[in-house]
file entry-v1.cif (mmCIF, C-alpha atoms)
data_run
#
loop_
_atom_site.label_atom_id
_atom_site.label_comp_id
_atom_site.auth_asym_id
_atom_site.auth_seq_id
_atom_site.Cartn_x
_atom_site.Cartn_y
_atom_site.Cartn_z
CA MET A 91 -15.71 20.86 -19.07
CA LYS A 92 -14.69 20.16 -15.48
CA LYS A 93 -12.99 22.96 -13.61
CA ILE A 94 -10.26 21.74 -11.27
CA THR A 95 -8.97 23.32 -8.08
CA LEU A 96 -5.56 21.78 -7.50
CA ILE A 97 -4.21 21.83 -3.95
CA GLY A 98 -0.50 21.00 -3.74
CA SER A 99 0.18 21.84 -7.35
CA THR A 100 3.98 21.73 -7.16
CA GLY A 101 4.36 18.32 -5.52
CA SER A 102 4.88 14.98 -7.28
CA ILE A 103 1.15 14.24 -7.60
CA GLY A 104 0.23 17.84 -8.34
CA LYS A 105 2.59 18.03 -11.29
CA GLN A 106 1.14 14.81 -12.70
CA VAL A 107 -2.37 16.25 -12.38
CA VAL A 108 -1.24 19.24 -14.43
CA GLU A 109 0.11 16.93 -17.14
CA THR A 110 -3.17 14.99 -17.23
CA VAL A 111 -5.14 18.21 -17.62
CA LYS A 112 -2.82 19.40 -20.40
CA ARG A 113 -3.38 16.13 -22.29
CA ASN A 114 -7.16 16.65 -22.12
CA PRO A 115 -7.75 20.37 -22.75
CA ASP A 116 -11.25 19.70 -24.08
CA ARG A 117 -12.33 18.04 -20.82
CA PHE A 118 -10.49 19.77 -17.97
CA SER A 119 -9.26 23.21 -17.03
CA ILE A 120 -7.38 24.42 -13.98
CA ALA A 121 -9.48 27.06 -12.21
CA ALA A 122 -7.22 27.44 -9.18
CA ILE A 123 -3.84 26.25 -7.95
CA VAL A 124 -2.55 26.29 -4.39
CA ALA A 125 1.00 25.60 -3.26
CA ASN A 126 2.57 25.99 0.14
CA ARG A 127 5.51 28.24 -0.63
CA PRO A 128 7.11 30.18 -3.50
CA SER A 129 9.03 28.22 -6.12
CA ALA A 130 10.09 28.38 -9.74
CA GLU A 131 7.67 25.51 -10.45
CA PHE A 132 4.74 27.50 -9.07
CA ASP A 133 5.70 30.53 -11.15
CA ARG A 134 5.90 28.31 -14.23
CA GLN A 135 2.46 26.83 -13.54
CA VAL A 136 0.90 30.26 -13.10
CA LYS A 137 2.33 31.40 -16.43
CA GLU A 138 1.46 28.21 -18.31
CA LEU A 139 -1.99 27.46 -16.87
CA ALA A 140 -3.24 31.02 -16.29
CA PRO A 141 -5.62 29.90 -13.53
CA GLN A 142 -8.33 32.20 -12.24
CA THR A 143 -6.80 31.90 -8.78
CA ALA A 144 -3.21 31.13 -7.73
CA VAL A 145 -2.40 31.22 -4.03
CA LEU A 146 0.56 30.47 -1.80
CA ALA A 147 -0.72 29.15 1.53
CA SER A 148 2.34 30.46 3.37
CA GLU A 149 1.39 33.98 2.32
CA ASP A 150 -2.42 33.89 2.51
CA TYR A 151 -3.83 30.76 4.11
CA ALA A 152 -7.41 32.05 4.18
CA ALA A 153 -7.30 32.66 0.43
CA ALA A 154 -5.82 29.22 -0.10
CA LEU A 155 -8.73 27.61 1.75
CA SER A 156 -11.31 29.67 -0.15
CA ALA A 157 -9.79 28.53 -3.47
CA VAL A 158 -11.76 25.29 -3.15
CA GLU A 159 -14.84 27.24 -4.21
CA ARG A 160 -13.40 27.81 -7.70
CA GLY A 161 -13.59 24.29 -9.10
CA ASP A 162 -16.12 21.55 -9.72
CA VAL A 163 -13.52 19.05 -8.55
CA VAL A 164 -11.08 19.75 -5.74
CA PHE A 165 -7.97 17.64 -6.26
CA ASN A 166 -6.22 17.50 -2.90
CA ALA A 167 -2.58 16.57 -3.43
CA ALA A 168 -1.33 18.51 -0.41
CA GLY A 169 1.15 16.73 1.80
CA GLY A 170 0.80 16.39 5.56
CA PHE A 171 -1.82 17.28 8.14
CA ALA A 172 -2.48 20.64 6.47
CA GLY A 173 -4.26 18.80 3.67
CA LEU A 174 -7.09 17.81 6.00
CA GLU A 175 -8.48 21.32 6.28
CA TYR A 176 -8.66 21.69 2.50
CA SER A 177 -10.63 18.45 2.32
CA LEU A 178 -13.03 19.63 5.02
CA GLU A 179 -13.63 22.90 3.15
CA ALA A 180 -14.24 21.04 -0.11
CA VAL A 181 -16.66 18.55 1.40
CA LYS A 182 -18.43 21.27 3.38
CA ALA A 183 -19.06 23.03 0.07
CA GLY A 184 -20.41 19.81 -1.47
CA LYS A 185 -17.59 19.57 -4.00
CA THR A 186 -16.29 16.37 -5.55
CA LEU A 187 -13.05 15.62 -3.72
CA ALA A 188 -10.32 13.73 -5.58
CA LEU A 189 -8.26 12.63 -2.62
CA ALA A 190 -4.51 12.08 -2.68
CA ASN A 191 -3.92 13.41 0.83
CA LYS A 192 -3.60 10.50 3.26
CA GLU A 193 -4.08 12.58 6.39
CA THR A 194 -7.67 13.39 5.42
CA LEU A 195 -8.82 9.84 6.16
CA VAL A 196 -6.06 8.72 8.53
CA CYS A 197 -6.33 11.70 10.88
CA GLY A 198 -9.74 13.14 10.06
CA GLY A 199 -11.87 10.20 9.00
CA ASP A 200 -14.27 10.75 11.91
CA LEU A 201 -14.84 14.31 10.70
CA ILE A 202 -14.79 13.98 6.91
CA MET A 203 -17.03 10.95 6.38
CA PRO A 204 -20.09 12.18 8.36
CA LEU A 205 -19.70 15.59 6.71
CA ALA A 206 -19.63 14.02 3.24
CA ARG A 207 -22.81 12.08 4.01
CA GLU A 208 -24.45 15.31 5.18
CA THR A 209 -23.50 17.43 2.15
CA GLY A 210 -23.57 14.69 -0.49
CA ALA A 211 -19.96 15.38 -1.50
CA ALA A 212 -18.27 12.54 -3.36
CA ILE A 213 -14.82 11.37 -2.22
CA LEU A 214 -12.84 9.75 -5.04
CA PRO A 215 -9.68 7.88 -4.02
CA VAL A 216 -6.41 8.60 -5.82
CA ASP A 217 -4.01 6.27 -3.98
CA SER A 218 -3.33 3.42 -6.38
CA GLU A 219 -4.43 0.82 -3.83
CA HIS A 220 -7.71 2.51 -2.98
CA SER A 221 -8.41 3.38 -6.58
CA ALA A 222 -7.92 -0.31 -7.36
CA ILE A 223 -10.43 -1.34 -4.69
CA TRP A 224 -12.85 1.35 -5.88
CA GLN A 225 -12.63 0.00 -9.42
CA CYS A 226 -13.09 -3.61 -8.28
CA LEU A 227 -16.20 -2.48 -6.37
CA ASN A 228 -17.60 -0.91 -9.55
CA PHE A 229 -16.98 2.59 -8.17
CA SER A 230 -18.86 1.98 -4.95
CA THR A 231 -17.70 2.45 -1.36
CA ASP A 232 -20.42 0.44 0.37
CA THR A 233 -20.52 -2.92 -1.46
CA ARG A 234 -20.59 -5.97 0.81
CA VAL A 235 -17.29 -7.86 0.68
CA ARG A 236 -15.55 -10.69 2.48
CA ARG A 237 -12.03 -9.19 2.33
CA LEU A 238 -10.08 -6.26 1.00
CA ILE A 239 -6.56 -7.33 0.07
CA ILE A 240 -4.13 -4.41 -0.10
CA THR A 241 -0.89 -5.08 -1.93
CA ALA A 242 2.53 -3.65 -1.08
CA SER A 243 5.79 -3.63 -3.00
CA GLY A 244 7.76 -4.19 0.20
CA GLY A 245 9.65 -0.94 -0.21
CA ALA A 246 13.36 -0.34 -0.55
CA PHE A 247 14.35 -2.85 2.16
CA ARG A 248 12.18 -5.87 1.37
CA ASN A 249 15.28 -8.03 0.92
CA VAL A 250 17.49 -6.37 3.55
CA PRO A 251 17.99 -8.42 6.75
CA ALA A 252 16.41 -6.86 9.83
CA GLU A 253 19.76 -6.60 11.62
CA LYS A 254 21.13 -4.31 8.89
CA LEU A 255 18.27 -1.81 8.87
CA LYS A 256 19.79 0.35 11.60
CA CYS A 257 22.63 1.32 9.27
CA VAL A 258 20.69 2.13 6.10
CA THR A 259 20.92 5.67 4.74
CA PRO A 260 18.26 8.12 3.60
CA GLU A 261 19.56 7.73 0.05
CA GLN A 262 18.98 3.98 0.23
CA ALA A 263 15.51 4.45 1.71
CA LEU A 264 14.58 6.79 -1.13
CA ASN A 265 15.56 4.23 -3.76
CA HIS A 266 12.15 2.64 -4.19
CA PRO A 267 12.24 -0.44 -6.46
CA THR A 268 9.07 0.25 -8.48
CA TRP A 269 7.57 3.68 -7.73
CA LYS A 270 8.78 7.28 -8.07
CA MET A 271 7.23 9.32 -5.26
CA GLY A 272 7.94 12.14 -2.84
CA ALA A 273 10.53 11.67 -0.11
CA LYS A 274 8.13 11.30 2.85
CA ILE A 275 5.91 8.66 1.27
CA THR A 276 8.96 6.78 -0.05
CA VAL A 277 10.42 6.48 3.45
CA ASP A 278 6.98 5.47 4.77
CA SER A 279 6.98 2.75 2.11
CA ALA A 280 10.37 1.57 3.33
CA THR A 281 9.13 1.31 6.94
CA LEU A 282 5.73 -0.01 5.73
CA MET A 283 4.08 2.73 7.78
CA ASN A 284 2.45 3.80 4.53
CA LYS A 285 0.80 0.42 4.21
CA GLY A 286 -0.54 0.77 7.74
CA TYR A 287 -1.99 4.13 6.75
CA GLU A 288 -3.65 2.50 3.76
CA VAL A 289 -5.34 -0.08 5.98
CA ILE A 290 -6.72 2.75 8.12
CA GLU A 291 -7.89 4.57 5.00
CA ALA A 292 -9.60 1.45 3.67
CA HIS A 293 -11.40 0.96 6.97
CA VAL A 294 -12.63 4.56 6.92
CA LEU A 295 -13.47 4.89 3.22
CA TYR A 296 -15.10 1.50 2.66
CA GLY A 297 -16.46 0.87 6.15
CA THR A 298 -14.67 -2.47 6.29
CA ASP A 299 -13.71 -4.02 9.64
CA TYR A 300 -9.98 -4.21 10.31
CA GLY A 301 -10.25 -7.98 10.57
CA ALA A 302 -11.41 -8.12 6.94
CA ILE A 303 -8.51 -6.07 5.56
CA GLU A 304 -5.35 -7.97 4.69
CA THR A 305 -1.97 -6.87 3.35
CA VAL A 306 0.29 -8.91 1.12
CA ILE A 307 3.60 -8.19 -0.62
CA GLN A 308 3.34 -8.05 -4.43
CA PRO A 309 6.90 -7.12 -5.46
CA GLN A 310 6.17 -6.28 -9.10
CA SER A 311 3.59 -3.61 -8.12
CA ILE A 312 1.33 -4.77 -10.95
CA ILE A 313 -1.64 -5.91 -8.88
CA HIS A 314 -2.64 -2.77 -7.02
CA SER A 315 -5.18 -4.40 -4.71
CA MET A 316 -7.87 -7.05 -4.69
CA VAL A 317 -11.38 -7.59 -3.40
CA GLU A 318 -12.82 -10.93 -2.31
CA PHE A 319 -16.59 -11.07 -2.39
CA GLU A 320 -18.98 -13.12 -0.25
CA ASP A 321 -19.16 -15.91 -2.85
CA GLY A 322 -15.37 -16.35 -2.95
CA ALA A 323 -14.75 -14.51 -6.21
CA VAL A 324 -11.65 -12.29 -6.20
CA LEU A 325 -11.25 -9.29 -8.48
CA ALA A 326 -7.91 -7.53 -8.96
CA GLN A 327 -6.93 -4.32 -10.73
CA MET A 328 -3.71 -4.65 -12.72
CA SER A 329 -1.49 -2.17 -14.52
CA TYR A 330 2.14 -1.17 -14.63
CA PRO A 331 3.10 1.00 -11.65
CA THR A 332 2.17 4.59 -12.38
CA MET A 333 -0.01 7.21 -10.75
CA GLU A 334 -1.30 8.43 -14.10
CA LEU A 335 -4.15 5.92 -14.16
CA PRO A 336 -5.68 6.68 -10.73
CA ILE A 337 -5.17 10.43 -11.27
CA SER A 338 -6.90 10.31 -14.64
CA LEU A 339 -9.75 8.21 -13.30
CA ALA A 340 -10.39 10.50 -10.34
CA LEU A 341 -10.65 13.43 -12.74
CA SER A 342 -12.70 11.73 -15.46
CA TYR A 343 -15.05 9.57 -13.34
CA PRO A 344 -17.52 8.15 -14.30
CA GLU A 345 -15.75 7.98 -17.67
CA ARG A 346 -12.40 6.42 -18.49
CA LEU A 347 -9.99 8.34 -20.70
CA ALA A 348 -7.01 7.21 -22.75
CA THR A 349 -3.69 7.60 -20.95
CA SER A 350 -0.04 7.26 -21.88
CA LEU A 351 0.18 4.10 -19.77
CA ALA A 352 1.82 1.25 -21.67
CA PRO A 353 -0.58 -1.65 -22.31
CA MET A 354 0.25 -4.86 -20.51
CA ASP A 355 1.79 -7.42 -22.85
CA PHE A 356 0.32 -10.81 -21.99
CA THR A 357 2.13 -12.48 -24.90
CA LYS A 358 5.40 -12.27 -22.95
CA ALA A 359 6.11 -14.38 -19.92
CA PHE A 360 6.14 -12.55 -16.59
CA SER A 361 5.46 -13.52 -13.00
CA LEU A 362 3.17 -12.15 -10.33
CA GLY A 363 4.59 -13.10 -6.96
CA PHE A 364 3.05 -12.83 -3.51
CA GLU A 365 4.86 -12.87 -0.20
CA PRO A 366 3.73 -12.50 3.41
CA LEU A 367 4.50 -9.21 5.12
CA GLU A 368 7.30 -9.58 7.71
CA ARG A 369 5.62 -7.80 10.58
CA LYS A 370 8.45 -8.25 13.09
CA LYS A 371 10.88 -6.69 10.64
CA PHE A 372 8.63 -3.68 10.04
CA PRO A 373 7.05 -2.74 13.40
CA CYS A 374 5.70 0.55 12.03
CA PHE A 375 3.00 -1.44 10.24
CA ASP A 376 1.76 -3.00 13.47
CA ILE A 377 1.74 0.25 15.45
CA ALA A 378 -0.25 1.87 12.63
CA LEU A 379 -2.86 -0.89 12.83
CA HIS A 380 -2.91 -0.62 16.61
CA CYS A 381 -3.61 3.12 16.44
CA GLY A 382 -6.22 2.58 13.74
CA GLU A 383 -8.06 0.04 15.83
CA ARG A 384 -7.98 2.35 18.87
CA GLY A 385 -9.45 5.07 16.69
CA GLY A 386 -10.28 8.58 17.86
CA ILE A 387 -7.22 10.82 18.03
CA MET A 388 -4.68 7.98 17.91
CA PRO A 389 -4.21 7.84 14.12
CA CYS A 390 -3.55 11.59 14.22
CA VAL A 391 -0.94 11.09 16.96
CA LEU A 392 0.63 8.34 14.87
CA ASN A 393 0.80 10.52 11.78
CA ALA A 394 2.32 13.54 13.55
CA ALA A 395 4.96 11.39 15.24
CA ASP A 396 5.86 9.63 12.01
CA GLU A 397 6.04 12.86 10.01
CA THR A 398 8.41 14.34 12.60
CA ALA A 399 10.54 11.19 12.80
CA VAL A 400 10.85 10.78 9.03
CA HIS A 401 11.95 14.40 8.72
CA ALA A 402 14.64 13.76 11.33
CA PHE A 403 15.79 10.62 9.54
CA LEU A 404 16.04 12.41 6.20
CA ASN A 405 18.12 15.11 7.92
CA GLY A 406 20.50 12.51 9.33
CA GLU A 407 19.45 13.12 12.94
CA ILE A 408 18.26 9.59 13.74
CA ALA A 409 18.70 6.08 12.36
CA PHE A 410 16.10 4.36 10.18
CA THR A 411 15.07 2.05 13.03
CA ASP A 412 14.66 5.05 15.33
CA ILE A 413 11.60 6.12 13.35
CA TYR A 414 9.63 3.39 15.10
CA ARG A 415 11.13 4.31 18.49
CA VAL A 416 10.03 7.92 18.13
CA VAL A 417 6.54 6.91 17.04
CA GLU A 418 6.15 4.35 19.83
CA GLN A 419 7.26 6.80 22.52
CA THR A 420 4.89 9.45 21.21
CA VAL A 421 1.90 7.13 20.93
CA SER A 422 2.45 5.87 24.48
CA ALA A 423 2.11 9.45 25.79
CA PHE A 424 -1.55 9.71 24.72
CA SER A 425 -4.81 8.26 26.01
CA ASP A 426 -7.81 7.44 23.86
CA GLU A 427 -10.03 10.39 23.01
CA ALA A 428 -12.81 10.91 20.50
CA VAL A 429 -12.38 13.34 17.61
CA GLU A 430 -14.72 16.27 18.26
CA SER A 431 -13.47 19.04 15.98
CA PHE A 432 -10.73 20.06 13.60
CA SER A 433 -9.35 22.56 16.11
CA ARG A 434 -9.00 19.85 18.75
CA LEU A 435 -7.37 17.53 16.22
CA LYS A 436 -4.96 20.31 15.25
CA ALA A 437 -3.98 20.71 18.91
CA VAL A 438 -3.39 16.96 19.17
CA ASN A 439 -1.27 17.03 16.01
CA ASP A 440 0.89 19.87 17.36
CA ARG A 441 1.33 18.27 20.77
CA ALA A 442 2.27 14.91 19.22
CA ALA A 443 4.86 16.61 17.02
CA ASP A 444 6.36 18.33 20.09
CA ILE A 445 6.56 15.04 21.99
CA ALA A 446 8.17 13.38 18.97
CA ARG A 447 10.78 16.14 18.78
CA GLY A 448 11.56 15.52 22.44
CA ALA A 449 11.99 11.81 21.75
CA ILE A 450 14.38 12.63 18.89
CA LYS A 451 16.52 14.79 21.19
CA ARG A 452 16.75 11.95 23.72
CA ILE A 453 17.72 9.45 21.03
CA ARG A 454 20.43 11.75 19.63
#
call {"tool": "encode", "arguments": {"input": "entry-v1.cif", "output": "structure tokens"}}
result
Amino acid sequence: MKKITLIGSTGSIGKQVVETVKRNPDRFSIAAIVANRPSAEFDRQVKELAPQTAVLASEDYAAALSAVERGDVVFNAAGGFAGLEYSLEAVKAGKTLALANKETLVCGGDLIMPLARETGAAILPVDSEHSAIWQCLNFSTDTRVRRLIITASGGAFRNVPAEKLKCVTPEQALNHPTWKMGAKITVDSATLMNKGYEVIEAHVLYGTDYGAIETVIQPQSIIHSMVEFEDGAVLAQMSYPTMELPISLALSYPERLATSLAPMDFTKAFSLGFEPLERKKFPCFDIALHCGERGGIMPCVLNAADETAVHAFLNGEIAFTDIYRVVEQTVSAFSDEAVESFSRLKAVNDRAADIARGAIKRIR
């Protein structure tokens, strides 16, 4: 039986991990849960799961970090930059890391990947797109390919004219057409910043050049990503849009377990459409790629600025289109610098957030 340490237990992904574990009590158990702050959901999880360790990071951060030692698999579903340190602790300890925290690879890829090679820790992707690529590569991260093709739904504003985006509301941005996710990632899907993050993640995780990673709109969110091999063959992973499948696979690997996912019905007519990504309409995608290609601290700067700007948008402080303005102004304040340590990266993250807050004040 695999023992799971669940970081970010009360978030959208964390709660789905709990449900997956409950459906497979003969295979998984929760050894430790970590959440950021007190909540009724956390209290309910403690009572229901009876984990060996239950920690609130806001009350005892050191204990929260040490909780990674409890499980065979550390499932990192923490949101934001804070998730990176949990990943580093897990990989340092040689644990299997089921990774649903984007910042680990976006901000800390230069730290986490060499460390994983040194300790032999496995990093299993949970994002639906990267899980799809992982499956198409037969659970490898170093197979030679011609292209990785990452699919995107297009977010809440795929069909909204560019000139109307300035006036859209947070409620509209949170109305994703195919996925149910947390607020931050849903807004990032609407700006397509999230898709830029996924390109950076793919570059880091699979060692693929940016020029060999493409993004295409797949509105039905049925094809989760594709891989084109050297001989021209293209493999795709298909399923109805749900996080249950990649969560289950990250926990059960190398096995596959039954899920509650509805089987695809190929006896009924349905379409799989593809559209080009409108890069001029969604400039956050391009600035994400630009920061990824610059490397070093720049993806961390990007992430901190975006996190701060999205928070301001959700609070009604800035317009939807101002998210890009805040990010662009913040990114332009930094010069290229290599990533040398977590402490230095943390300082960069904090400074970028401060600069972004200044940009928000000027915009208001």
call {"tool": "resolve_selection", "arguments": {"input": "entry-v1.cif", "expression": "the PyMOL selection byres ((chain A and resi 427) around 6)", "output": "JSON list (two decimals) with C-alpha atoms, in the coordinates of the input"}}
result
[["chain", "number", "residue", "atom", "x", "y", "z"],
["A", 386, "GLY", "CA", -10.28, 8.58, 17.86],
["A", 387, "ILE", "CA", -7.22, 10.82, 18.03],
["A", 426, "ASP", "CA", -7.81, 7.44, 23.86],
["A", 428, "ALA", "CA", -12.81, 10.91, 20.50]]
call {"tool": "closest_residue", "arguments": {"input": "entry-v1.cif", "among": "A:Val235, A:Ala292, A:Val416, A:Leu255", "to": "Ala280 (chain A)", "atoms": "only C-alpha atoms"}}
result
A:Leu255
call {"tool": "residues_around", "arguments": {"input": "entry-v1.cif", "residues": "region 136-144 of chain A", "least_positions_apart": "2", "cutoff": "9 Å", "atoms": "all atoms listed in the file", "output": "PyMOL selection string"}}
result
chain A and resi 95+108+112+119-125+131-134+146+154+157+160
call {"tool": "closest_residue", "arguments": {"input": "entry-v1.cif", "among": "A:Trp269, A:Phe247, A:Phe171, A:Phe410", "to": "Tyr330 (chain A)", "atoms": "all atoms listed in the file"}}
result
A:Trp269
call {"tool": "closest_residue", "arguments": {"input": "entry-v1.cif", "among": "A:Pro204, A:Glu193, A:Tyr296, A:Thr281", "to": "Thr231 (chain A)", "atoms": "all atoms listed in the file"}}
result
A:Tyr296
call {"tool": "closest_atom_pairs", "arguments": {"input": "entry-v1.cif", "of": "region 209-247 of chain A", "to": "region 273-277 of chain A", "cutoff": "12 Å", "atoms": "only C-alpha atoms", "output": "Markdown table"}}
result
| residue | atom | partner | partner_atom | distance |
| --- | --- | --- | --- | --- |
| A:Asp217 | CA | A:Ile275 | CA | 11.5 |
| A:Ser243 | CA | A:Thr276 | CA | 11.3 |
| A:Gly244 | CA | A:Thr276 | CA | 11.0 |
| A:Gly245 | CA | A:Thr276 | CA | 7.8 |
| A:Ala246 | CA | A:Thr276 | CA | 8.4 |
| A:Phe247 | CA | A:Val277 | CA | 10.2 |
call {"tool": "atom_distance", "arguments": {"input": "entry-v1.cif", "atom1": "CA of Leu362 (chain A)", "atom2": "CA of Ile239 (chain A)"}}
result
15.0 Å
